[in-house]
Structure formats: C-alpha cells, structure tokens
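*Asks:* Dropping in upload.txt, which is compact mmCIF, C-alpha atoms and all ligand atoms:
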# COMPACT_ATOMS: atom_id res chain seq x y z
CA MET A 1 10.92 -27.08 19.91
CA THR A 2 10.99 -23.40 18.96
CA THR A 3 7.75 -22.24 17.33
CA SER A 4 8.11 -19.55 14.66
CA LEU A 5 5.46 -17.75 12.65
CA VAL A 6 6.43 -16.28 9.28
CA THR A 7 3.95 -14.03 7.48
CA GLY A 8 3.82 -14.22 3.68
CA ALA A 9 5.58 -17.58 3.80
CA ASN A 10 4.15 -18.94 0.55
CA ARG A 11 6.65 -17.32 -1.83
CA GLY A 12 9.73 -15.13 -2.07
CA ILE A 13 11.87 -14.33 0.96
CA GLY A 14 9.22 -15.45 3.47
CA LYS A 15 9.07 -18.93 1.98
CA GLU A 16 12.86 -19.25 2.16
CA VAL A 17 12.95 -17.97 5.76
CA ALA A 18 10.33 -20.57 6.70
CA ILE A 19 12.33 -23.35 5.04
CA GLN A 20 15.60 -22.23 6.69
CA LEU A 21 13.93 -22.10 10.12
CA GLY A 22 12.47 -25.55 9.49
CA ALA A 23 15.94 -26.84 8.66
CA LEU A 24 17.05 -25.55 12.08
CA GLY A 25 14.38 -27.74 13.68
CA HIS A 26 11.71 -25.12 14.33
CA HIS A 27 7.98 -25.73 14.26
CA VAL A 28 7.10 -23.20 11.54
CA LEU A 29 3.66 -21.68 11.28
CA VAL A 30 3.42 -20.95 7.57
CA GLY A 31 1.39 -17.76 7.38
CA SER A 32 -0.30 -17.31 4.01
CA ARG A 33 -3.42 -15.68 2.64
CA ASP A 34 -4.45 -19.08 1.36
CA ALA A 35 -3.52 -22.36 3.01
CA ALA A 36 -3.34 -23.99 -0.42
CA LYS A 37 -0.70 -21.49 -1.48
CA ALA A 38 1.34 -22.47 1.58
CA ALA A 39 1.38 -26.16 0.64
CA ALA A 40 4.76 -26.07 -1.12
CA THR A 41 6.38 -24.44 1.90
CA VAL A 42 4.78 -26.93 4.27
CA ASP A 43 5.98 -29.83 2.10
CA ALA A 44 9.51 -28.42 1.90
CA ILE A 45 9.72 -28.07 5.69
CA ALA A 46 8.30 -31.55 6.23
CA SER A 47 11.36 -32.93 4.42
CA THR A 48 13.70 -31.22 6.93
CA ARG A 49 14.25 -31.54 10.69
CA GLY A 50 11.40 -29.13 11.24
CA ARG A 51 7.66 -29.30 11.51
CA ALA A 52 5.20 -27.12 9.62
CA THR A 53 1.64 -26.02 10.18
CA ALA A 54 -0.26 -24.00 7.59
CA LEU A 55 -1.74 -20.85 9.09
CA PRO A 56 -4.31 -19.07 6.90
CA LEU A 57 -3.50 -15.39 7.44
CA ASP A 58 -4.31 -12.24 5.51
CA ILE A 59 -2.65 -9.56 7.63
CA ALA A 60 -4.72 -6.81 5.99
CA ASN A 61 -7.95 -8.47 7.12
CA PRO A 62 -8.64 -7.97 10.85
CA GLU A 63 -10.96 -11.00 11.03
CA SER A 64 -8.32 -13.19 9.40
CA VAL A 65 -5.75 -11.90 11.90
CA ASP A 66 -8.11 -12.72 14.77
CA ARG A 67 -8.66 -16.26 13.45
CA ALA A 68 -4.93 -16.83 13.01
CA VAL A 69 -4.18 -15.54 16.50
CA ALA A 70 -6.83 -17.91 17.89
CA GLN A 71 -5.13 -20.80 16.06
CA VAL A 72 -1.78 -19.80 17.55
CA GLU A 73 -3.42 -19.64 21.02
CA ASN A 74 -4.74 -23.16 20.50
CA LEU A 75 -1.26 -24.37 19.62
CA GLY A 76 -0.18 -22.88 22.94
CA GLU A 77 3.16 -21.26 22.30
CA LEU A 78 5.03 -18.86 20.06
CA ASP A 79 8.68 -17.89 20.29
CA VAL A 80 9.47 -16.09 17.03
CA LEU A 81 7.43 -13.76 14.82
CA VAL A 82 8.84 -12.83 11.41
CA ASN A 83 6.83 -9.92 9.98
CA ASN A 84 7.70 -10.49 6.32
CA ALA A 85 4.49 -9.94 4.30
CA ALA A 86 4.43 -6.66 2.40
CA ILE A 87 3.20 -5.10 -0.85
CA THR A 88 3.59 -2.13 -3.19
CA TYR A 89 7.14 -1.23 -4.14
CA ASP A 90 5.71 1.87 -5.79
CA THR A 91 8.63 3.16 -7.85
CA TRP A 92 6.12 4.77 -10.23
CA GLN A 93 4.84 7.21 -7.60
CA SER A 94 6.05 10.54 -6.20
CA ALA A 95 5.57 11.52 -2.57
CA ILE A 96 4.21 14.93 -3.51
CA ASN A 97 1.42 13.63 -5.74
CA PRO A 98 0.71 9.98 -4.99
CA ASP A 99 -2.44 7.97 -5.50
CA PHE A 100 -3.60 7.93 -1.90
CA GLU A 101 -5.66 4.79 -2.47
CA VAL A 102 -2.40 3.00 -3.26
CA VAL A 103 -0.74 4.53 -0.20
CA ARG A 104 -3.62 3.54 2.09
CA GLU A 105 -3.71 -0.01 0.72
CA ALA A 106 0.02 -0.41 1.29
CA LEU A 107 -0.17 0.92 4.83
CA GLU A 108 -3.11 -1.39 5.63
CA THR A 109 -0.86 -4.36 4.92
CA ASN A 110 2.70 -3.27 5.63
CA LEU A 111 1.95 -1.18 8.71
CA PHE A 112 -1.47 -1.75 10.26
CA GLY A 113 -1.69 -5.45 9.46
CA THR A 114 1.75 -6.11 10.88
CA TRP A 115 0.99 -3.91 13.89
CA GLN A 116 -2.34 -5.60 14.70
CA LEU A 117 -0.87 -9.08 14.38
CA THR A 118 2.13 -8.25 16.55
CA ALA A 119 0.03 -6.58 19.22
CA ALA A 120 -2.22 -9.63 19.43
CA LEU A 121 0.70 -12.06 19.64
CA ALA A 122 2.84 -9.99 22.03
CA PRO A 123 1.58 -11.79 25.18
CA ARG A 124 2.64 -15.15 23.69
CA LEU A 125 6.05 -13.78 22.69
CA ARG A 126 6.55 -12.29 26.17
CA ALA A 127 5.70 -15.66 27.71
CA SER A 128 8.48 -17.31 25.69
CA SER A 129 11.89 -17.40 27.32
CA HIS A 130 13.44 -16.71 23.87
CA GLY A 131 10.96 -14.28 22.25
CA ARG A 132 12.09 -12.72 18.98
CA ILE A 133 10.39 -10.33 16.54
CA VAL A 134 11.95 -9.67 13.14
CA ASN A 135 10.47 -6.82 11.15
CA VAL A 136 11.49 -7.32 7.55
CA SER A 137 12.27 -3.77 6.51
CA SER A 138 14.23 -2.20 3.69
CA GLY A 139 17.02 0.24 3.02
CA ALA A 140 14.29 2.16 1.17
CA GLY A 141 12.93 2.94 4.64
CA ALA A 142 16.19 4.40 5.96
CA LEU A 143 15.88 8.13 6.71
CA ASP A 144 19.66 8.44 6.58
CA ASP A 145 19.73 8.52 2.78
CA MET A 146 16.01 8.95 2.04
CA GLY A 147 15.36 10.13 -1.50
CA GLY A 148 12.24 10.81 -3.50
CA ARG A 149 9.64 8.39 -4.94
CA ILE A 150 8.45 4.96 -3.72
CA PRO A 151 6.32 6.86 -1.15
CA ALA A 152 3.87 4.23 0.06
CA TYR A 153 6.56 1.62 0.54
CA ARG A 154 9.08 4.01 2.09
CA VAL A 155 6.60 5.45 4.60
CA SER A 156 5.46 1.95 5.54
CA LYS A 157 9.02 0.80 6.24
CA VAL A 158 10.02 3.98 8.13
CA SER A 159 6.95 3.38 10.31
CA LEU A 160 7.84 -0.28 10.76
CA ASN A 161 11.32 0.76 11.87
CA ALA A 162 9.78 3.13 14.43
CA LEU A 163 7.71 0.22 15.77
CA THR A 164 10.89 -1.83 16.05
CA ARG A 165 12.27 0.80 18.44
CA MET A 166 9.04 1.10 20.41
CA TRP A 167 8.43 -2.65 20.72
CA ALA A 168 12.05 -3.20 21.74
CA ALA A 169 11.53 -0.66 24.54
CA GLU A 170 8.15 -2.05 25.59
CA LEU A 171 8.96 -5.77 25.45
CA PRO A 172 11.88 -6.48 27.77
CA GLY A 173 13.11 -10.01 27.24
CA VAL A 174 11.94 -10.07 23.60
CA LEU A 175 14.61 -9.22 21.02
CA VAL A 176 13.01 -6.97 18.38
CA ASN A 177 14.96 -5.96 15.27
CA SER A 178 14.49 -4.63 11.76
CA VAL A 179 16.30 -6.46 8.98
CA CYS A 180 16.83 -5.38 5.39
CA PRO A 181 17.34 -8.46 3.22
CA GLY A 182 19.19 -6.50 0.54
CA TRP A 183 18.06 -6.50 -3.08
CA VAL A 184 16.66 -9.99 -3.64
CA ALA A 185 15.35 -11.60 -6.83
CA THR A 186 11.66 -12.15 -6.03
CA ASP A 187 8.34 -11.06 -7.51
CA MET A 188 8.76 -7.78 -5.61
CA GLY A 189 12.49 -7.34 -6.18
CA GLY A 190 12.47 -8.36 -9.85
CA SER A 191 15.38 -9.98 -11.64
CA GLY A 192 19.00 -9.09 -10.95
CA GLY A 193 18.90 -9.24 -7.16
CA ARG A 194 20.68 -11.80 -5.08
CA PRO A 195 19.23 -15.25 -4.36
CA VAL A 196 16.50 -15.63 -1.75
CA SER A 197 18.81 -17.81 0.34
CA ASP A 198 21.15 -14.84 0.86
CA GLY A 199 18.32 -12.41 1.63
CA ALA A 200 16.70 -14.83 4.06
CA ALA A 201 19.91 -15.58 5.96
CA GLY A 202 20.05 -12.22 7.77
CA ILE A 203 16.40 -12.59 8.79
CA VAL A 204 17.00 -16.10 10.13
CA TRP A 205 20.01 -14.74 12.03
CA ALA A 206 17.80 -12.15 13.77
CA ALA A 207 15.12 -14.78 14.44
CA THR A 208 17.62 -17.06 16.17
CA LEU A 209 19.74 -14.55 18.11
CA PRO A 210 21.18 -15.72 21.41
CA ASP A 211 19.50 -14.32 24.53
CA ASP A 212 22.23 -11.67 24.93
CA GLY A 213 21.82 -10.57 21.30
CA PRO A 214 20.90 -7.05 20.15
CA THR A 215 17.45 -5.50 20.31
CA GLY A 216 16.04 -2.33 18.76
CA GLY A 217 18.51 -2.43 15.86
CA PHE A 218 18.45 -2.23 12.06
CA PHE A 219 20.59 -4.81 10.26
CA ARG A 220 21.60 -6.09 6.87
CA ASP A 221 23.72 -9.24 6.59
CA GLN A 222 24.15 -9.24 10.38
CA GLN A 223 25.70 -5.75 10.34
CA ALA A 224 24.05 -2.67 11.87
CA ILE A 225 22.99 -0.11 9.24
CA PRO A 226 21.89 3.54 9.68
CA TRP A 227 18.23 4.31 10.32
N1 LIG B 301 12.85 -8.37 -2.74
C1 LIG B 301 13.62 -7.37 -2.35
O1 LIG B 301 14.57 -6.93 -3.05
C2 LIG B 301 13.37 -6.73 -0.99
C3 LIG B 301 14.25 -5.70 -0.58
C4 LIG B 301 14.06 -5.13 0.67
C5 LIG B 301 13.01 -5.57 1.47
N2 LIG B 301 12.17 -6.55 1.05
C6 LIG B 301 11.10 -6.98 1.95
O2 LIG B 301 11.13 -8.38 2.09
C7 LIG B 301 9.81 -8.88 2.37
C8 LIG B 301 9.47 -9.98 1.40
O3 LIG B 301 9.56 -9.46 0.10
P1 LIG B 301 9.58 -10.39 -1.22
O4 LIG B 301 10.55 -9.77 -2.13
O5 LIG B 301 9.68 -11.81 -0.85
O6 LIG B 301 8.10 -10.07 -1.77
P2 LIG B 301 7.10 -10.95 -2.67
O7 LIG B 301 7.86 -11.91 -3.48
O8 LIG B 301 6.22 -9.96 -3.35
O9 LIG B 301 6.26 -11.77 -1.58
C9 LIG B 301 5.42 -11.06 -0.70
C10 LIG B 301 4.76 -12.04 0.23
O10 LIG B 301 3.90 -11.30 1.11
C11 LIG B 301 2.61 -11.89 1.06
N3 LIG B 301 1.56 -10.94 1.36
C12 LIG B 301 1.28 -9.76 0.74
N4 LIG B 301 0.19 -9.21 1.31
C13 LIG B 301 -0.23 -10.05 2.28
C14 LIG B 301 -1.30 -10.04 3.20
N5 LIG B 301 -2.20 -9.05 3.23
N6 LIG B 301 -1.42 -11.06 4.07
C15 LIG B 301 -0.53 -12.09 4.04
N7 LIG B 301 0.49 -12.17 3.18
C16 LIG B 301 0.63 -11.16 2.31
C17 LIG B 301 2.49 -12.45 -0.34
O11 LIG B 301 1.43 -13.39 -0.39
P3 LIG B 301 0.54 -13.64 -1.73
O12 LIG B 301 1.26 -14.70 -2.52
O13 LIG B 301 -0.79 -14.11 -1.18
O14 LIG B 301 0.45 -12.33 -2.46
C18 LIG B 301 3.88 -13.06 -0.50
O15 LIG B 301 3.94 -14.29 0.17
C19 LIG B 301 8.89 -7.67 2.28
O16 LIG B 301 8.68 -7.14 3.57
C20 LIG B 301 9.69 -6.68 1.45
O17 LIG B 301 9.31 -5.35 1.70
C21 LIG B 301 12.32 -7.13 -0.17
Can the structure from this file be put into structure tokens for me?

*Replies:*
Amino acid sequence: MTTSLVTGANRGIGKEVAIQLGALGHHVLVGSRDAAKAAATVDAIASTRGRATALPLDIANPESVDRAVAQVENLGELDVLVNNAAITYDTWQSAINPDFEVVREALETNLFGTWQLTAALAPRLRASSHGRIVNVSSGAGALDDMGGRIPAYRVSKVSLNALTRMWAAELPGVLVNSVCPGWVATDMGGSGGRPVSDGAAGIVWAATLPDDGPTGGFFRDQQAIPW
C-alpha cells in the first residue's frame, strides 16, 4: 500500500487531494494543525478503498514537525509527500512597502515549514521505490509573467519552485514537481474559482506519476507551464 502524507489536509485543496488519494487505495497521513480538524477527512477516506491516519502537524512549528516526523518513522514508510499547506494570499500588499511581519509569517509556513518537513522526511522518501514530492505552487509564483503585489505569497512560491529544482537534482529516484492547481474555490481562493476536485486532480496526477515520469517540472492540469 502506498503511504502518502498531505499537509493541510483538513480543508480546501489538501482535503480533496487526501480523499482522491484514499480513493486510489493509498494509506493517507492526514496532516493537520489539529487532529480534530482532520476528522472529516479521515472519515471520508475510511469510506473509500484507502486507509487514513490523522497526523497532527503544524508545519510552522518546528517541534510539531519533529513530532510528526517521529510518528511517520514509527509507521515505517512514506512514498509520497504533498506539500499543500500555505497561507497569506496578500493581494492587499505591495512588494516595495510590505508589512514585513506578514511576509515573515508567510515564509515561516510556506517556505521554511515546508522545507524543514521535507528535509526531515527525505530519507524515508529516498528509501521508497516510488518516492514522489509534490510542491503545491501557484502561477502567482511564476517569474515568467511576474507582476506587482501579493509579495509574501509570490516570494514564497518562487522559493518553493526553486526548491523543486534543487530537490529534483539532489534526490535521484524521487520525482519532485511543482503543481499549480489553477484558481480554485476555497477559503484562500474565494468564490468563482473552479471546484476543488479539478484543482486537486493535477496534484494527484503528480503524486502518482509512473516511475519514468517527469521530475523538476512545473505543471498545471498535467501540462508543463513556464517558471
Ligand atoms: N485556491 C486557489 O485558487 C489556489 C491557487 C493556486 C495555488 N493554491 C495553493 O493550493 C494550496 C492549498 O490552498 P487552498 O486554496 O486549499 O487554501 P485554504 O483553503 O486556505 O487551506 C489551507 C490549508 O493549509 C493549512 N495550513 C495553513 N497553515 C498551516 C500550518 N502552519 N500547518 C499546517 N497546515 C497549515 C490550513 O489549515 P487550518 O485549517 O489549520 O488553517 C488548511 O488546511 C496552497 O499551497 C495554495 O497556495 C491555491
């Protein structure tokens, strides 16, 4: 059974990714800041072919990350890591005069939290014969058509994309990719976006790539997009 950890799996796109992976028969570790908040995801997966284990995990809290990694070590294996949790779509800010507290807080979660978790789990992912890392990124982090505003979020996603390239180079045998889910109707995305099922599908695709699949790429809806 493939074991997959999804961060921020208690709502939004992460919850849907967890449920879709469960439906494919994965053992899903439902990462959430609060195990109680993960209960609905765990219940939904339990009604599919999959298996679910709640994993208390605040990626911005180093002690919480350490505890979660220890729990994963106890479980013994990990094949897929979906780095989904993120905060602060700061449309109200400019890059030239931001509130640096907001920027720092966003980077603690979106960049450093994701980085620390992935570094700690890398040995487990390397040990898997089908290791996959999906960094849930955003077109807002594409340098190709980078505009102004949304500075904390944009910088965090540009940095995450850089880590995708570095981890892909440093982890032979593990397929590491960035995926933009498109504009999705969630608490972060607001109303008007597409359904979470559509946004999650491209992430699940990258999490379940065949062994000869791409690595070090940036995708939306299974298609490569410019960095
Ligand atoms: N929605 C869009 O249109 C869109 C577009 C492009 C990219 N994305 C990306 O897609 C991903 C999911 O976004 P979403 O729209 O589903 O966002 P969301 O509805 O705001 O959900 C964010 C999730 O991340 C979790 N989270 C935040 N900080 C955390 C932390 N420190 N530790 C653990 N979990 C934490 C939240 O948990 P709590 O419930 O505990 O807060 C929640 O489960 C993000 O990486 C986002 O940047 C979204």

*Asks:* So which one's closest to Leu171 (chain A), A:Val196, A:Ala95, A:Leu125, A:Leu55? Using only C-alpha atoms, please.

*Replies:*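 Checking each of A:Val196, A:Ala95, A:Leu125, A:Leu55 against Leu171 (chain A), counting only C-alpha atoms, the winner is A:Leu125.
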
*Asks:* What is the CA of Val82 (chain A)-atom N4 of ligand LIG 301 (chain B) distance in Å, reported with one decimal?

*Replies:* 13.8 Å

*Asks:* What is the distance, in Å and to one decimal place, between CA of Asp99 (chain A) and CA of Thr186 (chain A)?

*Replies:* 24.6 Å

*Asks:* Identify, counting only C-alpha atoms and all ligand atoms, the protein, DNA and RNA residues located within 6 Å of ligand LIG 301 (chain B), and give them as an MDAnalysis selection string.

*Replies:* chainID A and resid 7:14 32:33 57:60 84:87 109 136:138 180:189

*Asks:* Can you work out the spacing between CA of Asn161 (chain A) and CA of Ala120 (chain A) in Å, to one decimal?

*Replies:*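 One can read the CA of Asn161 (chain A) to CA of Ala120 (chain A) distance as 18.7 Å.
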
*Asks:* Leaving out Ala119 (chain A) and any residue of its chain fewer than 2 positions from it, which residues lie within 12 Å of it when counting all atoms listed in the file, given as JSON, numbers by chain?

*Replies:* {"A": [65, 66, 69, 81, 83, 111, 112, 113, 114, 115, 116, 117, 121, 122, 123, 124, 125, 126, 133, 163, 166, 167, 170, 171]}

*Asks:* Could you list as a ChimeraX atom specification every residue that has an atom within 9 Å of (1.6, -18.6, 13.8), using the file's coordinates and counting all atoms listed in the file?

*Replies:* /A:3-7,28-31,53-55,57,68-69,71-73,75,78,80-81,121

*Asks:* Could you give me, as a ChimeraX atom specification, the residues that sit within 8 Å of (10.5, -22.2, 1.7) in the file's coordinates, counting all atoms listed in the file?

*Replies:* /A:9-11,14-20,40-42,44-45

*Asks:* Have a look at A:Arg67, A:Arg165, A:Arg104, A:Arg132 and name the one nearest to Gly213 (chain A); count all atoms listed in the file.

*Replies:*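 Looking only at the distances to Gly213 (chain A), the closest residue turns out to be A:Arg132.
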